Amino acid sequence: MRRSIRLASMILALTTAAVPARAEWYQATSKHFIVFAEGNAESVKERAEELELFDGVFRYFQNVAARPEDESNKVTLYVVPNDSAVRRLYGSNSANIAGFYDGRASGSVAFTPQRGLGGEGSDREQARIVLFHEYAHHLLLGNFAAAYPAWFSEGYAEFLSTVSFDKETAWIGKPAQHRAYSLLHGDPLPASELLSVNMSTIRRDQMDGLYARGWLLTHYLTIAAPPERRAQFAKYLAAVNQGKPSVEAAREAFGDLKQLDKELNARLKGRTFPALRFGLDKLPKPVVQVRPLSPGEKAMIGLRMRSDRGVNTKTAQPILEDAIPIGARYPGDAVVQGWLAEMALDARRYDLAEAAADRALAIDPNSSQALVYKAQVLLNRAREAQTTDPAVWKEARSWLLKANKIDPNDAYTLLLFYSSFGMAGAVPTANAKQALARAHELVPQDDAVRFAYAHQSLIDDRVDDARRALRPLAYSAHAAPDNGAARLLALLDAKKSGKEVVAAMEAEGAEGGGAD
C-alpha cells in the first residue's frame, strides 16, 4: 500500500512538472503606451520597449520631436489571445481584421493578437506588422495637420509596418513581404486608379491592390525616387490639401501617370529594395515599468477590453451585469472601482457609477479617472433633469477642475469641461473654448473633437482655424466625398462667413434630418 502511494506520488509529481506555468497578466507603462498582456514580465516589457523604439524611429525619420504632454494621452494596447478574439472585439464586418486602432480623446486604444508574439516565426512578424501599421496611423494623424489620400494613408502605414530592429540597429523601408503576392500576381491597380481610390467606395477586389501598390508608391517616393519626384510629391500633397481632386493634383504634379507606373514596375522588378538603417543610439532609450495585475484587475480585464472597445447603452448592459459581482469582491481596488464606474456610466446606471467612483476616490483621492467619472455622473443627471440652476452645473464642473489640476494635459477632461456648457444649454466661456482648442491640439486623432473645434471656430468667425481643422476630415481616405466637413469647406469657398456657414448647416440638418 505504501508502495502504491509512493508510485502515485511520483506520477503526480511528473505530470505536475510537465504542465507549463500559467501565464500572468501584466501592465507595462512607458512614455507613449499602456500595454495589457498575458505572459511573463520580461516579454511584456519587451513589447512595450519595441513600441517605444518604433515611436522613436518615426520621430527620427520625420524629424518630429516627442511632446511631454503625450504622456497624459497614452495609447492603451490590449493583447488578446488570437485573431478570432480581435474580430469578436471589432464586431461586424471584421472578416479581414487582424488588429485595429481607435484614436479618441477619452483614451486611444489598439487591439492586437497574442499568438506568436512571444515566440518565433511568421506569426510573430505578422502581429508586429499589424500593430506597427495601426500605430503609424496614430502618429501620422497626431503630428501632421494635413489630409492624406487613401493610397498614402495606407501606403505609409505599410511602409512603417516593416520597421525592424536588431541588437544595435533600426531598419526602415524594408520590403513588404506580406504584400508580395498582391504586388507580383494581383491587380496592379495603375496610378490613375490608385490615386483616385476612396476607402468609403473602394471595391473589395481593389483592397489588396490599394495596400500593396500604395506601399510601393510610398516606398518609391520616400526612399528610392530621384529628388525631382520627391519635390513633385510635396507639390501633390499641397494641392490635395487645397481641395484639388487627387488624380488632378497628381497629373499636375507628376505629369504622365503612365510614366509613373513604368517607374514603379521597374522598381518592382529590381533585384533589391533600398532600406535605411541607423543606430539605436540615435533613439531615446525606452523606460518601461511593469507590474502584475491585481487579482481584481485580472478578474475584470476581459470585461474592461470589451468596454474600452466602445459600447452603447444596450451593449453596455451585459458587461455591467458581469462586472458588478467582481466589483463587489474587490471594493478596495481603486482601478477595479474606476473601471466599474465607467461601465455603469455607459449603461446609464448613475447610482452604481457614482458609488464606484466614490469608492475609488476614498482609496485614491488623486485618481483623475475617478474624478472624471464622478463629474460625468453629475453632468448627465443635470442634463437629464434639464436643470438651469448654475450651482448644480458648477458643482459638476468642480470635479473636472480637480482632475485638470492633477493632470492639466488630459484631453478628455478638457473636452468634458467644454461639452458641459452645451449640455447645460449655455454659451461656452472663453476658458471652455480654450479647453476645447487644447483638447484638439493634444488628440487631433479624435474626429469628433476636431469637428467640434472647427464648429466652434466657425461660430467665432475664425475661418482659417476652421479650415485647418476641417481639411483632414473633408479629404480623409475614409470619408464619403460629400461628407459634412467637405460641405462646410465648400460653403466657406463660396465666401460665406463662419456664422453663415453654421446657419446653413443647421438649416440643412433640420430639413434633412441631421448632417453627418
# chains A, B, ... in the order shown; residues from 1 in each chain; ligands from 1
>>> residues_around(residues="Gln317 of chain A", least_positions_apart="5", cutoff="10 Å", atoms="only C-alpha atoms", output="short mmCIF file (atom, residue, chain, number, x, y, z; two decimals) with all heavy atoms, in the first residue's frame")
data_model
loop_
_atom_site.label_atom_id
_atom_site.label_comp_id
_atom_site.auth_asym_id
_atom_site.auth_seq_id
_atom_site.Cartn_x
_atom_site.Cartn_y
_atom_site.Cartn_z
N VAL A 311 -18.97 50.90 -26.55
CA VAL A 311 -20.29 50.30 -26.37
C VAL A 311 -21.36 51.37 -26.50
O VAL A 311 -21.07 52.57 -26.49
CB VAL A 311 -20.41 49.62 -24.98
CG1 VAL A 311 -19.47 48.45 -24.85
CG2 VAL A 311 -20.17 50.64 -23.85
N ASN A 312 -22.60 50.92 -26.63
CA ASN A 312 -23.73 51.83 -26.50
C ASN A 312 -24.52 51.40 -25.26
O ASN A 312 -24.13 50.44 -24.57
CB ASN A 312 -24.60 51.82 -27.75
CG ASN A 312 -25.06 50.41 -28.13
OD1 ASN A 312 -25.38 49.59 -27.26
ND2 ASN A 312 -25.09 50.12 -29.43
N ASP A 322 -21.99 41.50 -15.54
CA ASP A 322 -20.88 40.61 -15.17
C ASP A 322 -19.86 41.33 -14.29
O ASP A 322 -19.15 40.68 -13.52
CB ASP A 322 -20.17 40.10 -16.43
CG ASP A 322 -21.03 39.12 -17.22
OD1 ASP A 322 -21.99 38.58 -16.64
OD2 ASP A 322 -20.74 38.90 -18.41
N ALA A 323 -19.78 42.65 -14.42
CA ALA A 323 -18.79 43.41 -13.66
C ALA A 323 -19.22 43.66 -12.22
O ALA A 323 -18.36 43.76 -11.32
CB ALA A 323 -18.51 44.74 -14.35
N MET A 343 -18.19 51.45 -16.67
CA MET A 343 -19.18 50.52 -17.22
C MET A 343 -20.59 50.90 -16.81
O MET A 343 -21.53 50.81 -17.61
CB MET A 343 -18.84 49.10 -16.76
CG MET A 343 -17.53 48.56 -17.31
SD MET A 343 -17.01 47.04 -16.48
CE MET A 343 -15.34 46.85 -17.13
N ALA A 344 -20.74 51.35 -15.57
CA ALA A 344 -22.06 51.77 -15.10
C ALA A 344 -22.51 53.06 -15.80
O ALA A 344 -23.70 53.22 -16.12
CB ALA A 344 -22.03 51.97 -13.59
N ASP A 346 -21.70 53.92 -18.86
CA ASP A 346 -22.10 53.53 -20.21
C ASP A 346 -23.51 52.94 -20.22
O ASP A 346 -24.25 53.10 -21.20
CB ASP A 346 -21.10 52.52 -20.79
CG ASP A 346 -19.76 53.14 -21.09
OD1 ASP A 346 -19.70 54.37 -21.32
OD2 ASP A 346 -18.75 52.41 -21.11
N ALA A 347 -23.86 52.25 -19.14
CA ALA A 347 -25.18 51.63 -19.05
C ALA A 347 -26.23 52.58 -18.45
O ALA A 347 -27.38 52.18 -18.24
CB ALA A 347 -25.08 50.36 -18.20
N ARG A 348 -25.81 53.81 -18.17
CA ARG A 348 -26.68 54.83 -17.58
C ARG A 348 -27.21 54.44 -16.20
O ARG A 348 -28.31 54.84 -15.82
CB ARG A 348 -27.83 55.19 -18.52
CG ARG A 348 -27.37 55.83 -19.82
CD ARG A 348 -28.52 56.33 -20.65
NE ARG A 348 -28.05 56.94 -21.89
CZ ARG A 348 -28.84 57.47 -22.82
NH1 ARG A 348 -30.16 57.46 -22.66
NH2 ARG A 348 -28.35 58.00 -23.92
N ARG A 349 -26.40 53.69 -15.48
CA ARG A 349 -26.71 53.38 -14.08
C ARG A 349 -25.91 54.32 -13.21
O ARG A 349 -24.85 53.99 -12.67
CB ARG A 349 -26.38 51.92 -13.80
CG ARG A 349 -27.30 50.93 -14.47
CD ARG A 349 -28.71 51.00 -13.89
NE ARG A 349 -28.72 50.80 -12.43
CZ ARG A 349 -28.69 49.61 -11.85
NH1 ARG A 349 -28.69 48.51 -12.58
NH2 ARG A 349 -28.70 49.50 -10.54
#
>>> residues_around(residues="segment 268-274 of chain A", least_positions_apart="3", cutoff="12 Å", atoms="only C-alpha atoms", output="VMD selection string")
chain A and resid 171 to 177 179 to 180 182 to 185 188 212 to 213 215 to 217 219 to 225 261 to 265 277
>>> write_last_selection(atoms="N, CA, C and O atoms", output="tab-separated table (two decimals), in the first residue's frame")
chain	number	residue	atom	x	y	z
A	171	TRP	N	15.90	49.46	-38.73
A	171	TRP	CA	15.74	49.46	-40.18
A	171	TRP	C	14.38	50.04	-40.52
A	171	TRP	O	13.38	49.71	-39.89
A	172	ILE	N	14.34	50.86	-41.57
A	172	ILE	CA	13.07	51.41	-42.04
A	172	ILE	C	13.05	51.32	-43.57
A	172	ILE	O	14.04	51.60	-44.23
A	173	GLY	N	11.90	50.88	-44.10
A	173	GLY	CA	11.77	50.76	-45.54
A	173	GLY	C	12.06	49.38	-46.09
A	173	GLY	O	12.20	49.22	-47.30
A	174	LYS	N	12.13	48.37	-45.22
A	174	LYS	CA	12.35	47.01	-45.71
A	174	LYS	C	11.17	46.55	-46.55
A	174	LYS	O	10.04	47.03	-46.37
A	175	PRO	N	11.39	45.64	-47.50
A	175	PRO	CA	10.30	45.20	-48.38
A	175	PRO	C	9.10	44.66	-47.60
A	175	PRO	O	9.25	43.99	-46.57
A	176	ALA	N	7.92	44.95	-48.11
A	176	ALA	CA	6.68	44.46	-47.51
A	176	ALA	C	6.41	43.05	-48.05
A	176	ALA	O	5.59	42.87	-48.96
A	177	GLN	N	7.10	42.08	-47.48
A	177	GLN	CA	6.97	40.70	-47.98
A	177	GLN	C	5.54	40.20	-47.87
A	177	GLN	O	5.11	39.36	-48.67
A	179	ARG	N	3.03	41.67	-48.69
A	179	ARG	CA	2.28	42.15	-49.84
A	179	ARG	C	2.84	41.60	-51.15
A	179	ARG	O	2.43	42.04	-52.24
A	180	ALA	N	3.79	40.68	-51.08
A	180	ALA	CA	4.48	40.20	-52.28
A	180	ALA	C	3.52	39.57	-53.28
A	180	ALA	O	3.61	39.83	-54.49
A	182	SER	N	0.30	40.06	-53.76
A	182	SER	CA	-0.53	41.08	-54.40
A	182	SER	C	0.27	41.90	-55.39
A	182	SER	O	-0.22	42.25	-56.47
A	183	LEU	N	1.51	42.20	-55.05
A	183	LEU	CA	2.35	43.00	-55.93
A	183	LEU	C	2.73	42.26	-57.20
A	183	LEU	O	2.76	42.83	-58.29
A	184	LEU	N	3.00	40.96	-57.06
A	184	LEU	CA	3.50	40.19	-58.20
A	184	LEU	C	2.41	39.52	-59.01
A	184	LEU	O	2.56	39.31	-60.21
A	185	HIS	N	1.29	39.17	-58.33
A	185	HIS	CA	0.27	38.38	-59.03
A	185	HIS	C	-1.13	38.99	-58.98
A	185	HIS	O	-2.04	38.50	-59.63
A	188	PRO	N	-2.71	45.04	-60.64
A	188	PRO	CA	-1.66	46.05	-60.49
A	188	PRO	C	-2.16	47.42	-60.09
A	188	PRO	O	-1.39	48.25	-59.62
A	212	ALA	N	-0.97	47.15	-51.31
A	212	ALA	CA	0.30	46.72	-51.92
A	212	ALA	C	0.90	47.82	-52.79
A	212	ALA	O	2.06	48.20	-52.64
A	213	ARG	N	0.09	48.33	-53.73
A	213	ARG	CA	0.60	49.36	-54.63
A	213	ARG	C	0.82	50.68	-53.88
A	213	ARG	O	1.70	51.47	-54.24
A	215	TRP	N	1.92	50.85	-50.83
A	215	TRP	CA	3.24	50.70	-50.23
A	215	TRP	C	4.33	50.96	-51.25
A	215	TRP	O	5.32	51.66	-50.98
A	216	LEU	N	4.17	50.39	-52.45
A	216	LEU	CA	5.20	50.52	-53.48
A	216	LEU	C	5.42	51.99	-53.85
A	216	LEU	O	6.56	52.46	-53.95
A	217	LEU	N	4.33	52.73	-54.07
A	217	LEU	CA	4.45	54.14	-54.45
A	217	LEU	C	5.03	54.95	-53.29
A	217	LEU	O	5.88	55.84	-53.50
A	219	HIS	N	7.03	53.83	-50.86
A	219	HIS	CA	8.44	53.46	-50.75
A	219	HIS	C	9.26	54.17	-51.82
A	219	HIS	O	10.35	54.72	-51.55
A	220	TYR	N	8.75	54.20	-53.03
A	220	TYR	CA	9.47	54.82	-54.14
A	220	TYR	C	9.66	56.31	-53.90
A	220	TYR	O	10.78	56.83	-53.99
A	221	LEU	N	8.58	57.01	-53.56
A	221	LEU	CA	8.66	58.45	-53.40
A	221	LEU	C	9.41	58.85	-52.13
A	221	LEU	O	9.95	59.96	-52.05
A	222	THR	N	9.45	57.97	-51.15
A	222	THR	CA	10.08	58.30	-49.88
A	222	THR	C	11.57	57.98	-49.87
A	222	THR	O	12.37	58.73	-49.30
A	223	ILE	N	11.95	56.87	-50.52
A	223	ILE	CA	13.34	56.42	-50.42
A	223	ILE	C	14.04	56.34	-51.78
A	223	ILE	O	15.19	56.78	-51.92
A	224	ALA	N	13.37	55.76	-52.78
A	224	ALA	CA	14.07	55.36	-54.00
A	224	ALA	C	13.99	56.36	-55.15
A	224	ALA	O	14.81	56.29	-56.07
A	225	ALA	N	13.04	57.27	-55.14
A	225	ALA	CA	12.83	58.15	-56.29
A	225	ALA	C	13.90	59.23	-56.38
A	225	ALA	O	14.49	59.62	-55.36
A	261	ASP	N	3.76	54.80	-63.56
A	261	ASP	CA	3.55	53.35	-63.48
A	261	ASP	C	4.78	52.58	-63.96
A	261	ASP	O	5.17	51.57	-63.37
A	262	LYS	N	5.38	53.03	-65.06
A	262	LYS	CA	6.56	52.36	-65.60
A	262	LYS	C	7.70	52.38	-64.58
A	262	LYS	O	8.42	51.38	-64.40
A	263	GLU	N	7.85	53.48	-63.90
A	263	GLU	CA	8.90	53.58	-62.89
A	263	GLU	C	8.64	52.64	-61.72
A	263	GLU	O	9.55	52.00	-61.18
A	264	LEU	N	7.36	52.55	-61.33
A	264	LEU	CA	7.01	51.64	-60.23
A	264	LEU	C	7.24	50.19	-60.65
A	264	LEU	O	7.75	49.38	-59.85
A	265	ASN	N	6.84	49.84	-61.85
A	265	ASN	CA	7.02	48.46	-62.31
A	265	ASN	C	8.50	48.10	-62.42
A	265	ASN	O	8.90	46.98	-62.11
A	277	ARG	N	18.98	52.43	-42.50
A	277	ARG	CA	19.29	51.91	-41.17
A	277	ARG	C	20.06	52.96	-40.38
A	277	ARG	O	20.77	53.79	-40.96
>>> residues_around(residues="Pro481 of chain A", least_positions_apart="3", cutoff="9 Å", atoms="only C-alpha atoms", output="list in words")
Asn198, Ser200, Ala474, Tyr475 and Ala486 of chain A
>>> write_last_selection(atoms="all heavy atoms", output="PDB file, in the first residue's frame")
ATOM      1  N   ASN A 198     -11.096  55.816 -52.911  1.00  0.00           N
ATOM      2  CA  ASN A 198     -11.634  56.317 -51.657  1.00  0.00           C
ATOM      3  C   ASN A 198     -12.082  55.122 -50.829  1.00  0.00           C
ATOM      4  O   ASN A 198     -12.766  54.232 -51.331  1.00  0.00           O
ATOM      5  CB  ASN A 198     -12.820  57.259 -51.904  1.00  0.00           C
ATOM      6  CG  ASN A 198     -13.367  57.852 -50.616  1.00  0.00           C
ATOM      7  OD1 ASN A 198     -14.115  57.197 -49.894  1.00  0.00           O
ATOM      8  ND2 ASN A 198     -12.984  59.074 -50.324  1.00  0.00           N
ATOM      9  N   SER A 200     -14.292  54.728 -48.676  1.00  0.00           N
ATOM     10  CA  SER A 200     -15.735  54.550 -48.470  1.00  0.00           C
ATOM     11  C   SER A 200     -16.417  53.946 -49.689  1.00  0.00           C
ATOM     12  O   SER A 200     -17.554  53.487 -49.593  1.00  0.00           O
ATOM     13  CB  SER A 200     -16.388  55.898 -48.123  1.00  0.00           C
ATOM     14  OG  SER A 200     -16.341  56.770 -49.239  1.00  0.00           O
ATOM     15  N   ALA A 474     -12.429  66.453 -44.256  1.00  0.00           N
ATOM     16  CA  ALA A 474     -13.081  66.550 -45.560  1.00  0.00           C
ATOM     17  C   ALA A 474     -12.429  65.635 -46.588  1.00  0.00           C
ATOM     18  O   ALA A 474     -13.116  65.020 -47.411  1.00  0.00           O
ATOM     19  CB  ALA A 474     -13.039  67.992 -46.053  1.00  0.00           C
ATOM     20  N   TYR A 475     -11.094  65.526 -46.542  1.00  0.00           N
ATOM     21  CA  TYR A 475     -10.374  64.761 -47.559  1.00  0.00           C
ATOM     22  C   TYR A 475      -9.844  63.444 -47.022  1.00  0.00           C
ATOM     23  O   TYR A 475      -8.953  62.828 -47.599  1.00  0.00           O
ATOM     24  CB  TYR A 475      -9.235  65.613 -48.125  1.00  0.00           C
ATOM     25  CG  TYR A 475      -9.679  66.974 -48.576  1.00  0.00           C
ATOM     26  CD1 TYR A 475      -8.992  68.119 -48.207  1.00  0.00           C
ATOM     27  CD2 TYR A 475     -10.829  67.123 -49.357  1.00  0.00           C
ATOM     28  CE1 TYR A 475      -9.418  69.379 -48.609  1.00  0.00           C
ATOM     29  CE2 TYR A 475     -11.269  68.377 -49.760  1.00  0.00           C
ATOM     30  CZ  TYR A 475     -10.564  69.501 -49.377  1.00  0.00           C
ATOM     31  OH  TYR A 475     -11.001  70.748 -49.774  1.00  0.00           O
ATOM     32  N   ALA A 486     -16.576  68.421 -45.862  1.00  0.00           N
ATOM     33  CA  ALA A 486     -16.388  68.897 -47.235  1.00  0.00           C
ATOM     34  C   ALA A 486     -17.442  69.938 -47.600  1.00  0.00           C
ATOM     35  O   ALA A 486     -17.153  70.935 -48.290  1.00  0.00           O
ATOM     36  CB  ALA A 486     -16.441  67.722 -48.204  1.00  0.00           C
TER      37      ALA A 486
END
>>> atom_distance(atom1="atom CA of Glu395 of chain A", atom2="atom CA of Gln376 of chain A")
11.3 Å
>>> closest_residue(among="A:Arg468, A:Ala391, A:Gln242, A:His455", to="Ala503 of chain A", atoms="only C-alpha atoms")
A:His455
>>> closest_atom_pairs(of="segment 380-420 of chain A", to="segment 107-114 of chain A", cutoff="10 Å", atoms="only C-alpha atoms", output="tab-separated table")
residue	atom	partner	partner_atom	distance
A:Asp410	CA	A:Gly107	CA	9.3
A:Ala411	CA	A:Gly107	CA	8.6
A:Tyr412	CA	A:Gly107	CA	7.7
